[in-house]
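A.B. asks: Have a look at this one.
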Amino acid sequence: MKYVDEFRDGRLAQVIAGNIERAVQPARRYNLMEFCGGHTHAISRYGVTDLLPPNVNMIHGPGCPVCVLPIGRIDSAIDLALGEGIILCTYADTMRVPASHGLSLMKAKSRGADIRMVYSAADALRIAAENPNREAVFFAIGFETTTPPTAIAVREAERRALANFTVFSNHVITPAAIANILESPQVREFGAVPIDGFIGPAHVSCVIGSGPFEFFAEEYRKPVVIAGFEPLDVMQSVLMLVKQLNAGRFEVENEFSRAVTREGNVKAKALVAEVFELRRSFEWRGLGEVPYSALRLKRKYERFDAEKRFGIEYRPVADHKACECGAILRGAKKPSDCKVFGTVCTPENPIGSCMVSSEGACAAHYTYGRFREATMAEVTA
Amino acid sequence: MSAVQSDYIRPLDFKRGHIDMSHGAGGRAMAQLIEGLFLAAFDNEWLRAMNDQACFAVPEGRMVMATDSHVVSPLFFPGGDIGGLSIHGTINDVAMSGARPLYIAASFILEEGFPLADLKRIVQSMAEAAHAAHVAIVTGDTKVVERGKGDGVFITTTGVGIVPDGVLISADRAEPGDRILVSGTIGDHGVSIMSRRENLTFETDILSDTAALHGLVAAMVEAVPDIHCLRDPTRGGLATTLNEFAKQSRVGMRIVERAIPVRPEVAAACEFLGLDPLHVANEGKLVAICARQDADPLLAAMRAHPLGRDAAIIGEVVDDPRRFVQLETTLGGSRMVDWLTGEQLPRIC
């Protein structure tokens, strides 16, 4: 496959691995956070960790929009779908996230709620158009990658004067999350995680550009390398971060130059700015309340806002006591640190959202990496 | 008007006719359907006897029996249809014991309204598949359910065969040091179904690999009588079959990604659809496990057969109390190949 296989080449991987090995200072530890769920998945699926020296420590960040969705928001979506005879349109991953009262969207569906899996906002729009006598609500989640398509759907609904289409917006912003990890007193209170540098998100950067990350690099004096999703992209970015750290630099570098520019997708950004505005605060699972980190529809588009139309009230819900998703999302703990990982909490019966999405740290580790525990732990049976 | 022959019976309308409840009622309409369609297509001495059962002599040896229900959707897909699938599937289950398949029973659950033209196509497919495999469909059953209570047609096939002496193939026979082989490219069937279901058109036609494997198995057993394990990786794909073997044999496995044959079109389609080829169903491939010293002769025998041209040794069996299947990635790193979580694709076969 063109543009794909080249970036998975085993021989090149060994070359880069050698370069990283030679670049790292033996006595130094490099703690690198990969923000994006896509990177977490790539690292696990290809076993990238096996090619890195032991003093490079990869920390999985909260860049999985399903994982950071608070239980309370899913409860609201379930209430909508169960209570008012609405068609709720949602991405597949969101369907399995466990919410309150032992429910999930999937379980609500089996109880009769009309919940439909869609691949995009455009599908939800089509469902609204095909069912003019019913309300269609699009459960919109995602970082900046999926926000422009939602904006387009809203504009299209306006153009077609669709009276039965609304969006339940849970779109979140990447830079705010990174700032929160680095800065928030809450995070400091929970236990600061030493992070030396960031592997920046791939597709988010296609939209917002590499520019917004310059603030972090400057302000917190941490290097950021925007990386593509293929394993060689990740490895090359690790090398670039190691070199910056060795040289005491803290800049934004763009490894994903085949798709990312400094300005990003100007048209997409303009569309989002036209339709959405920032919420003052939004709860993130694992991070608590984060200011200016999420989007809602602007007043002029409020007739497409599900929260306004259906009077949705948000009720925060605490995570299951044994669930360590919060700490894992902040990079403070690893999946194997969680007492219920792999036993009570599995992909078939997830307790927390990190286990539901295939890009969640726990799901990735369970599916691809849990054999590592076995080789290190004592075998009792 | 010309005279009507006194023995005229209105024939089944295969062009425009549909199944209705009378076809399952046990009366005249059902008898006509059975004679005019099933018996005509499958024709053999047992069916001609028109009993509710088939009587045959049992040759010497150990008998093997296997059964499969087929609910694949869509019924017709690139490279095959539910009919061919139902015959190949059961032949393969019987053959995976090393047995020669002999007889098949076929049950149909038809939905009211199902077009006779489609049913004829499916039955024709079954007849061709059975004939090519030298297997006879000797008995069967027909039921009809009301519209909305079925999905066109569901087919259940049961097959019997005889295992030659000295052949002992079983999922619990893998041992550390054994080699793991596959007979060809993986993921073809699942992707062909997906492409038709989702109305996706790829530049290349990806065809289902549905095929009867008993000839390949016979060639393999002749070259290496002491094959330890055989299975065809259908639902859940190669990953599931390997995990099943690991669990039943109480071993672990290490396989090499680079060695696993996958057609570029299938790899690209899986990439596009977010599927892992290791979890995608196959309907004309098998996984074999044999002792290390038998691997090369077994591979040669497979590659000499038309259905095993792309056969490859993909890994080895190891000692592992955790029964994990590990994969060396194209990158040189390691990851697990786990049981499938949830369902990848519903109604794949």
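Scheme for the structure tokens: letters A, B, ... for chains in order shown; per-chain residue numbers from 1; ligand numbers from 1 in order shown.
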Only residues of chain A matter here; which ones have an atom within 9 Å of chain B, counting only C-alpha atoms? Give them as a short mmCIF file (atom, residue, chain, number, x, y, z; two decimals) with all heavy atoms, in the first residue's frame.
C.D. replies:
data_model
loop_
_atom_site.label_atom_id
_atom_site.label_comp_id
_atom_site.auth_asym_id
_atom_site.auth_seq_id
_atom_site.Cartn_x
_atom_site.Cartn_y
_atom_site.Cartn_z
N MET A 1 0.86 -1.20 0.00
CA MET A 1 0.00 0.00 0.00
C MET A 1 0.89 1.24 0.00
O MET A 1 1.73 1.41 0.87
CB MET A 1 -0.85 0.02 1.27
CG MET A 1 -1.92 -1.04 1.29
SD MET A 1 -2.80 -1.02 2.86
CE MET A 1 -1.62 -1.84 3.94
N ARG A 8 6.11 1.35 7.47
CA ARG A 8 6.07 0.21 8.39
C ARG A 8 7.27 -0.70 8.13
O ARG A 8 7.33 -1.82 8.61
CB ARG A 8 4.78 -0.59 8.16
CG ARG A 8 3.55 0.20 8.50
CD ARG A 8 2.30 -0.55 8.20
NE ARG A 8 1.13 0.30 8.47
CZ ARG A 8 -0.11 -0.04 8.26
NH1 ARG A 8 -0.39 -1.22 7.75
NH2 ARG A 8 -1.09 0.79 8.53
N ASP A 9 8.20 -0.24 7.33
CA ASP A 9 9.32 -1.05 6.89
C ASP A 9 10.21 -1.49 8.06
O ASP A 9 10.76 -0.65 8.79
CB ASP A 9 10.14 -0.22 5.87
CG ASP A 9 11.26 -1.01 5.25
OD1 ASP A 9 12.23 -1.33 5.97
OD2 ASP A 9 11.14 -1.34 4.07
N GLY A 10 10.34 -2.81 8.23
CA GLY A 10 11.10 -3.34 9.36
C GLY A 10 12.57 -2.97 9.33
O GLY A 10 13.19 -2.69 10.36
N ARG A 11 13.12 -2.94 8.14
CA ARG A 11 14.56 -2.64 8.02
C ARG A 11 14.83 -1.20 8.46
O ARG A 11 15.74 -0.92 9.22
CB ARG A 11 14.97 -2.86 6.56
CG ARG A 11 16.42 -3.25 6.36
CD ARG A 11 16.70 -3.39 4.86
NE ARG A 11 15.86 -2.50 4.04
CZ ARG A 11 16.18 -1.25 3.73
NH1 ARG A 11 17.31 -0.72 4.13
NH2 ARG A 11 15.36 -0.54 2.99
N LEU A 12 14.00 -0.30 7.98
CA LEU A 12 14.14 1.11 8.36
C LEU A 12 13.93 1.28 9.87
O LEU A 12 14.59 2.10 10.51
CB LEU A 12 13.12 1.98 7.62
CG LEU A 12 13.51 2.43 6.22
CD1 LEU A 12 12.36 3.17 5.56
CD2 LEU A 12 14.75 3.31 6.26
N ALA A 13 13.01 0.50 10.40
CA ALA A 13 12.74 0.58 11.83
C ALA A 13 14.00 0.25 12.62
O ALA A 13 14.32 0.92 13.61
CB ALA A 13 11.61 -0.36 12.22
N GLN A 14 14.71 -0.77 12.16
CA GLN A 14 15.94 -1.16 12.86
C GLN A 14 16.97 -0.03 12.77
O GLN A 14 17.71 0.23 13.72
CB GLN A 14 16.53 -2.44 12.24
CG GLN A 14 15.64 -3.68 12.39
CD GLN A 14 15.41 -4.04 13.85
OE1 GLN A 14 16.25 -3.81 14.72
NE2 GLN A 14 14.24 -4.60 14.13
N SER A 44 1.29 -0.11 20.39
CA SER A 44 0.96 -1.45 20.89
C SER A 44 0.91 -2.46 19.76
O SER A 44 1.44 -3.56 19.87
CB SER A 44 -0.41 -1.45 21.57
OG SER A 44 -0.39 -0.64 22.70
N ARG A 45 0.23 -2.08 18.70
CA ARG A 45 -0.03 -3.03 17.61
C ARG A 45 1.24 -3.47 16.90
O ARG A 45 1.32 -4.57 16.39
CB ARG A 45 -1.02 -2.40 16.63
CG ARG A 45 -1.53 -3.37 15.57
CD ARG A 45 -1.17 -2.86 14.23
NE ARG A 45 -1.52 -3.79 13.18
CZ ARG A 45 -0.74 -4.79 12.80
NH1 ARG A 45 0.40 -5.02 13.42
NH2 ARG A 45 -1.11 -5.57 11.79
N TYR A 46 2.25 -2.58 16.86
CA TYR A 46 3.49 -2.94 16.18
C TYR A 46 4.61 -3.32 17.14
O TYR A 46 5.69 -3.70 16.71
CB TYR A 46 3.95 -1.79 15.25
CG TYR A 46 3.09 -1.70 14.03
CD1 TYR A 46 2.02 -0.82 13.98
CD2 TYR A 46 3.31 -2.55 12.94
CE1 TYR A 46 1.19 -0.78 12.87
CE2 TYR A 46 2.49 -2.50 11.83
CZ TYR A 46 1.43 -1.62 11.81
OH TYR A 46 0.62 -1.59 10.71
N GLY A 47 4.34 -3.18 18.45
CA GLY A 47 5.38 -3.51 19.41
C GLY A 47 6.56 -2.56 19.33
O GLY A 47 7.71 -2.96 19.45
N VAL A 48 6.26 -1.27 19.14
CA VAL A 48 7.32 -0.28 18.99
C VAL A 48 8.21 -0.23 20.23
O VAL A 48 9.43 -0.05 20.14
CB VAL A 48 6.71 1.14 18.73
CG1 VAL A 48 7.76 2.21 18.84
CG2 VAL A 48 6.05 1.16 17.36
N THR A 49 7.62 -0.43 21.40
CA THR A 49 8.38 -0.38 22.64
C THR A 49 9.57 -1.33 22.63
O THR A 49 10.62 -1.05 23.22
CB THR A 49 7.48 -0.76 23.84
OG1 THR A 49 6.16 -0.33 23.58
CG2 THR A 49 7.97 -0.12 25.11
N ASP A 50 9.43 -2.46 21.92
CA ASP A 50 10.53 -3.43 21.86
C ASP A 50 11.74 -2.87 21.14
O ASP A 50 12.86 -3.37 21.31
CB ASP A 50 10.07 -4.69 21.11
CG ASP A 50 9.02 -5.46 21.89
OD1 ASP A 50 9.07 -5.41 23.14
OD2 ASP A 50 8.15 -6.08 21.26
N LEU A 51 11.54 -1.85 20.32
CA LEU A 51 12.65 -1.30 19.56
C LEU A 51 13.25 -0.06 20.22
O LEU A 51 14.17 0.54 19.70
CB LEU A 51 12.18 -0.95 18.13
CG LEU A 51 12.13 -2.13 17.15
CD1 LEU A 51 10.94 -3.02 17.40
CD2 LEU A 51 12.08 -1.62 15.72
N PRO A 231 4.09 3.40 12.48
CA PRO A 231 5.12 3.15 13.50
C PRO A 231 6.44 3.85 13.23
O PRO A 231 7.10 4.29 14.17
CB PRO A 231 5.29 1.62 13.48
CG PRO A 231 4.58 1.13 12.27
CD PRO A 231 3.56 2.14 11.92
N LEU A 232 6.84 3.98 11.97
CA LEU A 232 8.10 4.69 11.69
C LEU A 232 7.97 6.17 12.02
O LEU A 232 8.93 6.80 12.45
CB LEU A 232 8.52 4.51 10.22
CG LEU A 232 9.04 3.13 9.81
CD1 LEU A 232 9.70 3.20 8.45
CD2 LEU A 232 9.98 2.56 10.82
N PRO A 347 -12.26 -6.20 27.66
CA PRO A 347 -12.99 -5.60 26.55
C PRO A 347 -14.44 -6.10 26.44
O PRO A 347 -15.31 -5.36 26.01
CB PRO A 347 -12.18 -6.02 25.32
CG PRO A 347 -10.80 -6.24 25.83
CD PRO A 347 -10.97 -6.77 27.23
N GLU A 348 -14.69 -7.34 26.85
CA GLU A 348 -16.07 -7.84 26.79
C GLU A 348 -16.94 -7.19 27.84
O GLU A 348 -18.12 -6.97 27.63
CB GLU A 348 -16.13 -9.36 27.01
CG GLU A 348 -15.80 -10.20 25.80
CD GLU A 348 -14.33 -10.35 25.60
OE1 GLU A 348 -13.59 -9.93 26.50
OE2 GLU A 348 -13.91 -10.85 24.54
N TYR A 366 -4.38 -4.60 26.73
CA TYR A 366 -5.01 -5.91 26.91
C TYR A 366 -4.94 -6.72 25.62
O TYR A 366 -4.54 -7.88 25.61
CB TYR A 366 -6.48 -5.73 27.32
CG TYR A 366 -7.16 -7.03 27.63
CD1 TYR A 366 -7.14 -7.54 28.94
CD2 TYR A 366 -7.79 -7.78 26.65
CE1 TYR A 366 -7.75 -8.75 29.23
CE2 TYR A 366 -8.39 -8.99 26.94
CZ TYR A 366 -8.37 -9.47 28.24
OH TYR A 366 -8.96 -10.67 28.52
N THR A 367 -5.29 -6.07 24.52
CA THR A 367 -5.35 -6.79 23.25
C THR A 367 -3.99 -7.15 22.69
O THR A 367 -3.80 -8.21 22.12
CB THR A 367 -6.11 -5.92 22.21
OG1 THR A 367 -7.37 -5.57 22.74
CG2 THR A 367 -6.31 -6.67 20.91
N TYR A 368 -3.04 -6.21 22.84
CA TYR A 368 -1.74 -6.43 22.19
C TYR A 368 -0.58 -6.70 23.12
O TYR A 368 0.42 -7.26 22.70
CB TYR A 368 -1.37 -5.20 21.35
CG TYR A 368 -2.32 -4.92 20.22
CD1 TYR A 368 -2.96 -3.69 20.11
CD2 TYR A 368 -2.58 -5.88 19.25
CE1 TYR A 368 -3.82 -3.43 19.07
CE2 TYR A 368 -3.44 -5.62 18.19
CZ TYR A 368 -4.06 -4.39 18.11
OH TYR A 368 -4.91 -4.14 17.09
N GLY A 369 -0.72 -6.23 24.39
CA GLY A 369 0.50 -6.18 25.18
C GLY A 369 0.51 -6.94 26.49
O GLY A 369 1.54 -6.98 27.15
N ARG A 370 -0.62 -7.57 26.85
CA ARG A 370 -0.64 -8.10 28.21
C ARG A 370 0.27 -9.32 28.39
O ARG A 370 0.58 -9.71 29.51
CB ARG A 370 -2.06 -8.42 28.68
CG ARG A 370 -2.70 -9.66 28.09
CD ARG A 370 -4.13 -9.74 28.61
NE ARG A 370 -4.76 -11.01 28.29
CZ ARG A 370 -5.31 -11.32 27.14
NH1 ARG A 370 -5.27 -10.43 26.16
NH2 ARG A 370 -5.87 -12.49 26.94
N PHE A 371 0.74 -9.87 27.28
CA PHE A 371 1.66 -11.00 27.41
C PHE A 371 2.96 -10.57 28.07
O PHE A 371 3.68 -11.39 28.62
CB PHE A 371 1.93 -11.62 26.04
CG PHE A 371 2.79 -10.77 25.14
CD1 PHE A 371 4.14 -11.07 24.98
CD2 PHE A 371 2.27 -9.70 24.45
CE1 PHE A 371 4.93 -10.30 24.15
CE2 PHE A 371 3.06 -8.93 23.62
CZ PHE A 371 4.40 -9.24 23.47
N ARG A 372 3.26 -9.29 28.02
CA ARG A 372 4.50 -8.82 28.64
C ARG A 372 4.46 -9.01 30.15
O ARG A 372 5.46 -9.29 30.77
CB ARG A 372 4.72 -7.34 28.33
CG ARG A 372 4.98 -7.09 26.88
CD ARG A 372 5.10 -5.59 26.59
NE ARG A 372 4.87 -5.34 25.18
CZ ARG A 372 5.79 -5.50 24.24
NH1 ARG A 372 6.99 -5.90 24.57
NH2 ARG A 372 5.50 -5.28 22.98
N ALA A 374 3.02 -11.38 31.67
CA ALA A 374 3.21 -12.81 31.93
C ALA A 374 4.68 -13.17 31.98
O ALA A 374 5.10 -13.94 32.83
CB ALA A 374 2.50 -13.63 30.87
N VAL A 379 5.06 -17.17 37.50
CA VAL A 379 4.00 -18.05 37.03
C VAL A 379 3.64 -18.99 38.16
O VAL A 379 4.48 -19.74 38.65
CB VAL A 379 4.47 -18.87 35.81
CG1 VAL A 379 3.39 -19.82 35.39
CG2 VAL A 379 4.84 -17.93 34.67
N ALA A 381 0.75 -21.06 38.19
CA ALA A 381 -0.02 -22.27 37.82
C ALA A 381 0.77 -23.19 36.92
O ALA A 381 1.69 -22.73 36.26
CB ALA A 381 -1.30 -21.88 37.13
#
A.B. asks: Might you pull out every residue within 12 Å of A:Leu329, with only C-alpha atoms counted and same-chain residues fewer than 6 positions away left off, and present them as a PyMOL selection string?
C.D. replies: chain A and resi 33-37+40+59-69+177-178+180-181+187+193+284-288+323+335+352-355+359-362
A.B. asks: Looking only at helix (DSSP H, G or I) from DSSP on the backbone, list the matching residues of stretch 217-345 of chain B as a VMD selection string.
C.D. replies: chain B and resid 217 to 223 237 to 249 257 to 259 264 to 273 277 to 279 292 to 303 306 to 308
A.B. asks: List the spatial neighbours of A:Thr147 as a PyMOL selection string - criterion: any atom at most 7 Å away, only C-alpha atoms, same-chain residues fewer than 5 positions off excluded.
C.D. replies: chain A and resi 142+171+272
A.B. asks: Applying 12 Å and only C-alpha atoms, which residues near stretch 204-208 of chain B remain after dropping the ones on its own chain fewer than 3 positions away? List them as an MDAnalysis selection string.
C.D. replies: chainID B and resid 76:82 84:85 185:196 200:201 211 234 262:270 280:285 348:349
A.B. asks: Show me, as a list in words, the residues that have an atom within 7 Å of stretch 32-38 of chain B when counting only C-alpha atoms, minus same-chain residues fewer than 4 positions from it.
C.D. replies: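 So the residues in contact are His23, Arg28, Phe42, Lys120 and Val123 of chain B.
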A.B. asks: Please list as a PyMOL selection string every residue within 12 Å of B:Gly24, counting only C-alpha atoms and excluding residues in the same chain fewer than 4 positions away.
C.D. replies: chain B and resi 19-20+28-34+108-112+141-146
A.B. asks: Check the DSSP output for the backbone and give back, as a PyMOL selection string, the residues of stretch 135-215 of chain A in strand (DSSP E).
C.D. replies: chain A and resi 136-142+165-171+197-200
A.B. asks: Take the residues from that selection and write them out as an mmCIF file, in the first residue's frame, keeping C-alpha atoms.
C.D. replies:
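The resulting file, part.cif, is shown below:
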data_model
loop_
_atom_site.group_PDB
_atom_site.id
_atom_site.type_symbol
_atom_site.label_atom_id
_atom_site.label_comp_id
_atom_site.auth_asym_id
_atom_site.auth_seq_id
_atom_site.Cartn_x
_atom_site.Cartn_y
_atom_site.Cartn_z
ATOM 1 C CA ALA A 136 -32.670 12.809 14.985
ATOM 2 C CA VAL A 137 -29.857 13.670 17.396
ATOM 3 C CA PHE A 138 -26.212 13.332 16.448
ATOM 4 C CA PHE A 139 -24.055 12.406 19.447
ATOM 5 C CA ALA A 140 -20.981 14.355 18.369
ATOM 6 C CA ILE A 141 -17.682 13.508 20.008
ATOM 7 C CA GLY A 142 -14.083 13.988 19.047
ATOM 8 C CA PHE A 165 -31.903 17.535 13.301
ATOM 9 C CA THR A 166 -29.870 18.456 16.383
ATOM 10 C CA VAL A 167 -26.345 17.913 17.606
ATOM 11 C CA PHE A 168 -25.402 16.862 21.155
ATOM 12 C CA SER A 169 -21.942 18.378 21.117
ATOM 13 C CA ASN A 170 -19.136 16.821 23.128
ATOM 14 C CA HIS A 171 -16.338 18.127 20.971
ATOM 15 C CA GLY A 197 8.197 15.957 25.808
ATOM 16 C CA PHE A 198 5.152 15.291 23.687
ATOM 17 C CA ILE A 199 4.401 13.346 20.563
ATOM 18 C CA GLY A 200 1.787 15.612 19.054
#
A.B. asks: Have a look at B:Ala295, B:Val71, B:Ala99, B:Ala304 and name the one nearest to B:Ile155; count only C-alpha atoms.
C.D. replies: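 Looking only at the distances to B:Ile155, the closest residue turns out to be B:Val71.
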A.B. asks: Have a look at atom CA of A:Tyr220 and atom CA of A:Arg280 and let me know their distance in Å, one decimal.
C.D. replies: 22.9 Å
A.B. asks: Choose the residue, out of A:His320, A:Lys308, A:Lys333, A:Lys298, that has the smallest atom-to-atom separation from A:Cys345; count only C-alpha atoms.
C.D. replies: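 Result for the nearest residue to A:Cys345: A:His320.
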A.B. asks: Have a look at atom CA of A:Leu52 and atom CA of A:Phe256 and let me know their distance in Å, one decimal.
C.D. replies: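 Computed distance, atom CA of A:Leu52 to atom CA of A:Phe256, equals 20.0 Å.
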A.B. asks: Could you jot down the atom CA of A:Pro212 to atom CA of A:Ala247 separation for me, Å, one decimal place?
C.D. replies: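 One can read the atom CA of A:Pro212 to atom CA of A:Ala247 distance as 22.8 Å.
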A.B. asks: Find, counting only C-alpha atoms, the residue in A:Leu245, A:Ala23, A:Ile351, A:Ala157 that gets nearest to A:Leu103.
C.D. replies: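 For A:Leu103, the nearest of the given residues is A:Ile351.
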